[in-house]
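Student: This structure is in structure tokens; I'll ask about it shortly.
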Amino acid sequence: MTSSPDPALDVAVIGAGPSGLAAANAAADAGLTVAVLDLAERIGGQYYRHALGETASATPGPFHHGWSDFVALQRPFDAHRQAGRIRYCPRHAVWSIGRRDLGSLVVRVVQDERERRPRIVAARAVIVATGAHDRQLPFPGWTLPGVMAGGGAQALLKGSHVAPGRRAVVAGTGPFLLSVADGLLIAGVQVAEIVEANRPWRMATQPRALPGAGAKLGEALGYAARLARHRVPLRTRHAVIAAHGHDRLEAVTVARLDAGGEVVAGGERRVACDLLAVGYGFTPQIELGLAAGCATALDRDGSLVLAADPDGRTSVAGVYAAGETTGVGGAQLAIAEGSLCGIAAARDLGAHRAPDATDAVSLRRRRRALRGFAAALAEVHPTPRGWTGWLADDTLVCRCEEVSCAQVRAAVTELGAGDARTVKLLARPGMGWCQGRICGSAVATLTAQLRGRPVDEDDLVAMSRRVLGQPVPIGQLASLAEPPADRADEPPGDRPGDSLADHPTTRSQTPPVARPIHLPPRP
Amino acid sequence: MSDAEAPRFTISFDGEPVSVTEGQTIAAALIAGGHPSWRRTRHGDAPRGLFCGIGVCFDCLVTVNGVRSARACLIAARPGDDVRSERGSERDDLVA
């Protein structure tokens, strides 16, 4: 068994969205060697998702906003790649962060959805920049083809230039709905209406909304112009409470909500559509940090996030977090946090080109302002409290395992489950392919409601904790017991740290004593 | 959209041709080709297609060139790809 040498790679960044790109750039600027591991085919994450051939374009495609910010990230990223400071690894599904020894972490990867090759990347630090996905509330018919996340509709539009339907309803809550509707209109899709659960103009009464409001307001007004031109109604305090169709979506039921987020009886309308783009804010993807032992916190919008200091250090030495993983707040905040992370990692690893102290100061100020704006948004756009009232007995709460509302309810009322973890054990929601990503917060909320108490962090942790962050072929798990042969397995010319073996990275300080990572108890 | 210039090719879905513009994911090509679903669930035999669109929900699973349960929303289609719909767990041969 060979002992593992200190890795030549300084930082592994997981995620190539706004926060990952910013973190990689900042770390490389300071002279660190960086690998960026991303699930997708192209950089940009969700916010800057774009079609083939658009990456290096200075002009935005029709669906884009803030493209100049992406260019500002992508140009230095490319320069660092050319110089060999950043190694970019697309189609990498990271399933675990582990500790090899005192000075090094390992990132375990299944590479390429078609081929599923194993890969291990060792680095002195890891930055978790894995972003978020749309938060979903189950409702009757939500599993029909044609019902998709707002982010899913955007992925099809931005990434593949495909219009996901002919006549759409956009529903949920938050300013993202406007962006989705706008994109659909540009693609020639008819948008029948936008169904917003809350009252967005309440942002005007939020004091913390002021900094950062300017740019957002401009963006919103832009959407408003197109929506007005196409005469798309925006219904506030309304929600889609059911979807209908035989083998695909044909119509939805839209209902009015009262001030408490409960359905007002008698106000339901049926709207014909073949596409429902739906989302109630965003849920951070934190499972890699969680499995590595990072402490969590409950954010203002009710999301479980990785606890981090203002520079992105988590409770685990060598593990940093930036962007949505520390709290949902959009692309600008993600960029600021990514930069702060890269700078912090550079400082902590004793990089020989220490970043200017003033950069961090202004970035932290920016971060505070943008987090304030995000908090205001969360305040104005809660998930409607009455959503569990939309559920019929046979409404699926867990899409993967096909667990119905009645089965979840029975776990609590008949089998005595007191928390989400026990519901998961008894009724299986969250045990399927997606491992609770889609149903996690819904199961936690439903369970808590049935128990007559608010959702707590333990419920969310139970639904979010997973040892395998991505599916892993069982043969690869078995081979982990053997001495690591990762160097030999990696394709030539694509091994982080290989050609950089002589690259001098001075270490003026030894890394802080590592806290060992314990595998979480089986749920 | 200036996809008029982008190269086009064909993949097959359950033996039928589906047109693809280079760069599109398999999921996108299927949806554009009029196939909103390509999987049926294990218990309810219910049709599923694309849901989250970004690789986290695992609804869009499809068999590509013999590789089972691949996320169609993550895979850029390639000429000649043989895409097959999935039914249940695809392991009914293991059921006693």
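A note on labels: chains of the structure tokens are A, B, ... as shown, every chain counts residues from 1, and ligands are counted from 1 in their shown order.
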Any idea which chain B residues end up within 6 Å of chain A if we count only C-alpha atoms, as a list in words please?

Tutor: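 Putting it all together, I get Gly23, Gln24, Pro36, Ser37, Arg48, Gly49, Phe51, Cys52, Gly53, Cys57 and Phe58 of chain B.
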
Student: Go through stretch 2-89 of chain B and collect every residue that DSSP, computed from the backbone, puts in strand (DSSP E); the answer should be as a PyMOL selection string.

Tutor: chain B and resi 8-13+16-21+37-40+47-49+61-64+67-71+82-84+86-87

Student: List as a VMD selection string the protein and nucleic acid residues near B:Ala77, meaning an atom at most 9 Å away when only C-alpha atoms are counted, but skip any in the same chain fewer than 2 places from it.

Tutor: chain B and resid 11 20 to 27 29 72 75 79 to 81

Student: DSSP on the backbone, helix (DSSP H, G or I) only: what residues of stretch 222-463 of chain A does that give? Format it as a compact mmCIF listing (two decimals) with N, CA and C atoms, in the first residue's frame.

Tutor:
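New file states_7.txt:
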# COMPACT_ATOMS: atom_id res chain seq x y z
N GLY A 222 -37.49 45.28 -17.40
CA GLY A 222 -37.29 44.71 -18.72
C GLY A 222 -38.27 43.58 -18.97
N TYR A 223 -38.41 42.71 -17.99
CA TYR A 223 -39.38 41.63 -18.12
C TYR A 223 -40.79 42.19 -18.25
N ALA A 224 -41.09 43.17 -17.41
CA ALA A 224 -42.44 43.72 -17.38
C ALA A 224 -42.84 44.24 -18.76
N ALA A 225 -41.89 44.85 -19.47
CA ALA A 225 -42.20 45.41 -20.78
C ALA A 225 -42.64 44.32 -21.75
N ARG A 226 -41.89 43.21 -21.76
CA ARG A 226 -42.24 42.14 -22.70
C ARG A 226 -43.54 41.46 -22.30
N LEU A 227 -43.72 41.29 -21.00
CA LEU A 227 -44.94 40.65 -20.51
C LEU A 227 -46.16 41.51 -20.87
N ALA A 228 -45.98 42.82 -20.74
CA ALA A 228 -47.09 43.73 -21.08
C ALA A 228 -47.40 43.67 -22.57
N ARG A 229 -46.33 43.66 -23.38
CA ARG A 229 -46.50 43.60 -24.83
C ARG A 229 -47.28 42.35 -25.24
N GLU A 287 -25.29 18.39 0.05
CA GLU A 287 -25.01 17.04 0.57
C GLU A 287 -23.53 16.71 0.68
N LEU A 288 -22.71 17.23 -0.22
CA LEU A 288 -21.28 16.91 -0.15
C LEU A 288 -20.66 17.49 1.12
N GLY A 289 -21.02 18.72 1.45
CA GLY A 289 -20.50 19.33 2.67
C GLY A 289 -21.06 18.63 3.91
N LEU A 290 -22.35 18.29 3.83
CA LEU A 290 -23.00 17.63 4.96
C LEU A 290 -22.34 16.29 5.26
N ALA A 291 -22.10 15.49 4.22
CA ALA A 291 -21.47 14.18 4.42
C ALA A 291 -20.03 14.32 4.88
N GLY A 323 -21.61 30.69 -2.59
CA GLY A 323 -22.80 30.75 -3.43
C GLY A 323 -24.01 30.21 -2.70
N GLU A 324 -24.91 29.60 -3.43
CA GLU A 324 -26.19 29.17 -2.86
C GLU A 324 -26.02 28.18 -1.70
N THR A 325 -24.90 27.50 -1.63
CA THR A 325 -24.71 26.51 -0.56
C THR A 325 -24.64 27.15 0.82
N THR A 326 -24.31 28.46 0.87
CA THR A 326 -24.28 29.15 2.16
C THR A 326 -25.55 29.94 2.39
N GLY A 330 -28.63 34.38 -5.27
CA GLY A 330 -28.44 34.83 -6.64
C GLY A 330 -27.00 34.87 -7.12
N ALA A 331 -26.85 35.20 -8.39
CA ALA A 331 -25.55 35.11 -9.06
C ALA A 331 -24.53 36.12 -8.55
N GLN A 332 -24.98 37.36 -8.33
CA GLN A 332 -24.03 38.39 -7.88
C GLN A 332 -23.42 38.04 -6.53
N LEU A 333 -24.27 37.59 -5.62
CA LEU A 333 -23.79 37.18 -4.29
C LEU A 333 -22.85 35.98 -4.44
N ALA A 334 -23.20 35.06 -5.32
CA ALA A 334 -22.38 33.87 -5.54
C ALA A 334 -20.98 34.26 -6.01
N ILE A 335 -20.92 35.22 -6.90
CA ILE A 335 -19.62 35.67 -7.41
C ILE A 335 -18.79 36.29 -6.29
N ALA A 336 -19.43 37.13 -5.48
CA ALA A 336 -18.70 37.76 -4.37
C ALA A 336 -18.19 36.70 -3.39
N GLU A 337 -19.05 35.76 -3.05
CA GLU A 337 -18.66 34.73 -2.08
C GLU A 337 -17.59 33.81 -2.65
N GLY A 338 -17.71 33.49 -3.94
CA GLY A 338 -16.68 32.66 -4.57
C GLY A 338 -15.33 33.33 -4.51
N SER A 339 -15.30 34.61 -4.81
CA SER A 339 -14.04 35.35 -4.76
C SER A 339 -13.47 35.34 -3.35
N LEU A 340 -14.34 35.56 -2.36
CA LEU A 340 -13.88 35.55 -0.97
C LEU A 340 -13.31 34.19 -0.58
N CYS A 341 -13.97 33.13 -1.04
CA CYS A 341 -13.49 31.76 -0.78
C CYS A 341 -12.11 31.52 -1.36
N GLY A 342 -11.94 31.91 -2.61
CA GLY A 342 -10.67 31.69 -3.28
C GLY A 342 -9.56 32.44 -2.56
N ILE A 343 -9.88 33.65 -2.13
CA ILE A 343 -8.90 34.46 -1.40
C ILE A 343 -8.57 33.81 -0.05
N ALA A 344 -9.61 33.34 0.65
CA ALA A 344 -9.41 32.72 1.96
C ALA A 344 -8.57 31.44 1.82
N ALA A 345 -8.89 30.64 0.81
CA ALA A 345 -8.11 29.41 0.60
C ALA A 345 -6.65 29.76 0.33
N ALA A 346 -6.44 30.80 -0.46
CA ALA A 346 -5.07 31.23 -0.78
C ALA A 346 -4.34 31.63 0.50
N ARG A 347 -5.00 32.40 1.36
CA ARG A 347 -4.38 32.81 2.62
C ARG A 347 -4.08 31.59 3.48
N ASP A 348 -5.09 30.72 3.63
CA ASP A 348 -4.95 29.58 4.54
C ASP A 348 -3.89 28.60 4.07
N ALA A 357 -5.47 42.94 0.54
CA ALA A 357 -6.43 42.91 1.64
C ALA A 357 -7.68 43.71 1.33
N THR A 358 -7.54 44.76 0.52
CA THR A 358 -8.70 45.62 0.24
C THR A 358 -9.75 44.92 -0.62
N ASP A 359 -9.29 43.96 -1.45
CA ASP A 359 -10.27 43.22 -2.26
C ASP A 359 -11.30 42.56 -1.36
N ALA A 360 -10.78 41.89 -0.33
CA ALA A 360 -11.68 41.14 0.55
C ALA A 360 -12.64 42.09 1.26
N VAL A 361 -12.15 43.25 1.65
CA VAL A 361 -13.00 44.21 2.38
C VAL A 361 -14.19 44.64 1.54
N SER A 362 -13.93 45.01 0.30
CA SER A 362 -15.04 45.49 -0.54
C SER A 362 -15.96 44.33 -0.91
N LEU A 363 -15.38 43.13 -1.07
CA LEU A 363 -16.22 41.96 -1.38
C LEU A 363 -17.14 41.64 -0.21
N ARG A 364 -16.61 41.77 1.00
CA ARG A 364 -17.45 41.47 2.17
C ARG A 364 -18.58 42.48 2.29
N ARG A 365 -18.29 43.71 1.94
CA ARG A 365 -19.33 44.74 1.99
C ARG A 365 -20.43 44.40 0.99
N ARG A 366 -19.99 44.04 -0.20
CA ARG A 366 -20.93 43.65 -1.26
C ARG A 366 -21.78 42.46 -0.82
N ARG A 367 -21.10 41.51 -0.20
CA ARG A 367 -21.78 40.30 0.27
C ARG A 367 -22.86 40.65 1.29
N ARG A 368 -22.53 41.54 2.22
CA ARG A 368 -23.52 41.93 3.25
C ARG A 368 -24.74 42.56 2.60
N ALA A 369 -24.50 43.44 1.64
CA ALA A 369 -25.61 44.13 0.99
C ALA A 369 -26.49 43.13 0.23
N LEU A 370 -25.86 42.23 -0.49
CA LEU A 370 -26.62 41.28 -1.30
C LEU A 370 -27.35 40.27 -0.43
N ARG A 371 -26.75 39.89 0.70
CA ARG A 371 -27.45 38.99 1.61
C ARG A 371 -28.65 39.69 2.22
N GLY A 372 -28.52 40.99 2.43
CA GLY A 372 -29.67 41.75 2.91
C GLY A 372 -30.80 41.72 1.91
N PHE A 373 -30.46 41.88 0.65
CA PHE A 373 -31.47 41.85 -0.41
C PHE A 373 -32.12 40.48 -0.47
N ALA A 374 -31.30 39.43 -0.36
CA ALA A 374 -31.83 38.07 -0.40
C ALA A 374 -32.78 37.82 0.77
N ALA A 375 -32.43 38.36 1.93
CA ALA A 375 -33.30 38.19 3.09
C ALA A 375 -34.64 38.87 2.86
N ALA A 376 -34.60 40.04 2.24
CA ALA A 376 -35.85 40.76 1.93
C ALA A 376 -36.72 39.94 0.98
N LEU A 377 -36.09 39.35 -0.03
CA LEU A 377 -36.82 38.52 -0.99
C LEU A 377 -37.48 37.34 -0.29
N ALA A 378 -36.72 36.72 0.61
CA ALA A 378 -37.25 35.56 1.33
C ALA A 378 -38.45 35.96 2.18
N GLU A 379 -38.37 37.14 2.76
CA GLU A 379 -39.45 37.67 3.59
C GLU A 379 -40.73 37.86 2.77
N VAL A 380 -40.58 38.33 1.55
CA VAL A 380 -41.72 38.67 0.69
C VAL A 380 -42.26 37.45 -0.05
N ARG A 385 -48.49 28.84 3.19
CA ARG A 385 -48.64 27.95 4.34
C ARG A 385 -49.66 26.85 4.11
N GLY A 386 -50.65 27.12 3.29
CA GLY A 386 -51.74 26.16 3.12
C GLY A 386 -51.46 25.09 2.07
N TRP A 387 -50.22 24.96 1.61
CA TRP A 387 -49.97 24.07 0.46
C TRP A 387 -50.31 22.62 0.76
N THR A 388 -50.16 22.20 2.02
CA THR A 388 -50.46 20.80 2.31
C THR A 388 -51.95 20.50 2.13
N GLY A 389 -52.76 21.57 2.15
CA GLY A 389 -54.19 21.38 1.91
C GLY A 389 -54.51 21.03 0.47
N TRP A 390 -53.53 21.22 -0.44
CA TRP A 390 -53.76 20.87 -1.85
C TRP A 390 -53.64 19.37 -2.07
N CYS A 405 -49.15 10.95 -0.24
CA CYS A 405 -49.45 11.75 0.95
C CYS A 405 -50.06 10.87 2.02
N ALA A 406 -50.95 9.96 1.64
CA ALA A 406 -51.60 9.08 2.62
C ALA A 406 -50.57 8.21 3.33
N GLN A 407 -49.56 7.75 2.60
CA GLN A 407 -48.54 6.90 3.21
C GLN A 407 -47.68 7.69 4.20
N VAL A 408 -47.37 8.94 3.86
CA VAL A 408 -46.61 9.78 4.79
C VAL A 408 -47.45 10.05 6.03
N ARG A 409 -48.72 10.37 5.80
CA ARG A 409 -49.61 10.67 6.92
C ARG A 409 -49.74 9.45 7.84
N ALA A 410 -49.88 8.27 7.24
CA ALA A 410 -50.02 7.04 8.03
C ALA A 410 -48.78 6.79 8.87
N ALA A 411 -47.61 7.10 8.33
CA ALA A 411 -46.37 6.90 9.09
C ALA A 411 -46.41 7.72 10.38
N VAL A 412 -47.02 8.90 10.30
CA VAL A 412 -47.09 9.76 11.49
C VAL A 412 -48.26 9.37 12.38
N THR A 413 -49.45 9.32 11.80
CA THR A 413 -50.64 9.17 12.63
C THR A 413 -50.89 7.73 13.07
N ALA A 420 -39.05 13.61 10.51
CA ALA A 420 -38.91 13.27 9.09
C ALA A 420 -38.05 12.03 8.91
N ARG A 421 -37.04 11.87 9.77
CA ARG A 421 -36.14 10.73 9.66
C ARG A 421 -36.91 9.41 9.80
N THR A 422 -37.81 9.38 10.75
CA THR A 422 -38.59 8.16 10.98
C THR A 422 -39.61 7.95 9.86
N VAL A 423 -40.19 9.04 9.35
CA VAL A 423 -41.09 8.92 8.21
C VAL A 423 -40.35 8.30 7.04
N LYS A 424 -39.12 8.78 6.84
CA LYS A 424 -38.28 8.27 5.74
C LYS A 424 -38.03 6.77 5.92
N LEU A 425 -37.75 6.36 7.15
CA LEU A 425 -37.50 4.95 7.44
C LEU A 425 -38.73 4.09 7.18
N LEU A 426 -39.89 4.61 7.56
CA LEU A 426 -41.11 3.80 7.50
C LEU A 426 -41.77 3.82 6.13
N ALA A 427 -41.80 4.99 5.49
CA ALA A 427 -42.55 5.11 4.25
C ALA A 427 -41.67 5.28 3.01
N GLY A 440 -37.47 16.48 -0.12
CA GLY A 440 -36.97 16.63 1.25
C GLY A 440 -37.68 17.68 2.07
N SER A 441 -37.76 18.91 1.56
CA SER A 441 -38.36 19.95 2.39
C SER A 441 -39.86 19.73 2.51
N ALA A 442 -40.48 19.17 1.47
CA ALA A 442 -41.92 18.90 1.54
C ALA A 442 -42.22 17.85 2.60
N VAL A 443 -41.43 16.78 2.64
CA VAL A 443 -41.64 15.73 3.66
C VAL A 443 -41.42 16.30 5.05
N ALA A 444 -40.38 17.10 5.20
CA ALA A 444 -40.08 17.70 6.51
C ALA A 444 -41.23 18.59 6.96
N THR A 445 -41.73 19.42 6.05
CA THR A 445 -42.81 20.35 6.40
C THR A 445 -44.10 19.59 6.71
N LEU A 446 -44.43 18.63 5.89
CA LEU A 446 -45.66 17.86 6.08
C LEU A 446 -45.62 17.11 7.41
N THR A 447 -44.48 16.50 7.70
CA THR A 447 -44.32 15.77 8.96
C THR A 447 -44.49 16.70 10.15
N ALA A 448 -43.81 17.82 10.11
CA ALA A 448 -43.88 18.78 11.21
C ALA A 448 -45.31 19.26 11.41
N GLN A 449 -46.00 19.52 10.30
CA GLN A 449 -47.36 20.00 10.39
C GLN A 449 -48.27 18.96 11.03
N LEU A 450 -48.07 17.69 10.64
CA LEU A 450 -48.87 16.62 11.20
C LEU A 450 -48.59 16.46 12.70
N GLU A 457 -34.23 21.83 12.13
CA GLU A 457 -33.06 21.52 11.35
C GLU A 457 -32.86 20.01 11.22
N ASP A 458 -33.14 19.27 12.27
CA ASP A 458 -32.95 17.82 12.23
C ASP A 458 -33.78 17.16 11.14
N ASP A 459 -35.01 17.65 10.97
CA ASP A 459 -35.87 17.09 9.92
C ASP A 459 -35.20 17.27 8.57
N LEU A 460 -34.69 18.48 8.32
CA LEU A 460 -34.09 18.77 7.03
C LEU A 460 -32.78 18.00 6.85
N VAL A 461 -32.00 17.90 7.92
CA VAL A 461 -30.74 17.16 7.83
C VAL A 461 -31.03 15.70 7.50
N ALA A 462 -32.05 15.13 8.14
CA ALA A 462 -32.39 13.73 7.90
C ALA A 462 -32.75 13.50 6.43
N MET A 463 -33.40 14.49 5.81
CA MET A 463 -33.79 14.34 4.41
C MET A 463 -32.65 14.70 3.46

Student: Report as number ranges by chain all protein, DNA and RNA residues lying within 9 Å of stretch 83-93 of chain B, evaluated on only C-alpha atoms, omitting residues in the same chain fewer than 4 positions from it.

Tutor: B: 11-15, 26, 37-45, 61-66, 68-69

Student: Measuring between only C-alpha atoms, which one of A:Pro207, A:Gly172, A:Gly318, A:Gly44 shows the shortest distance to A:Arg99?

Tutor: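 Of all the options, A:Gly318 lies closest to A:Arg99.
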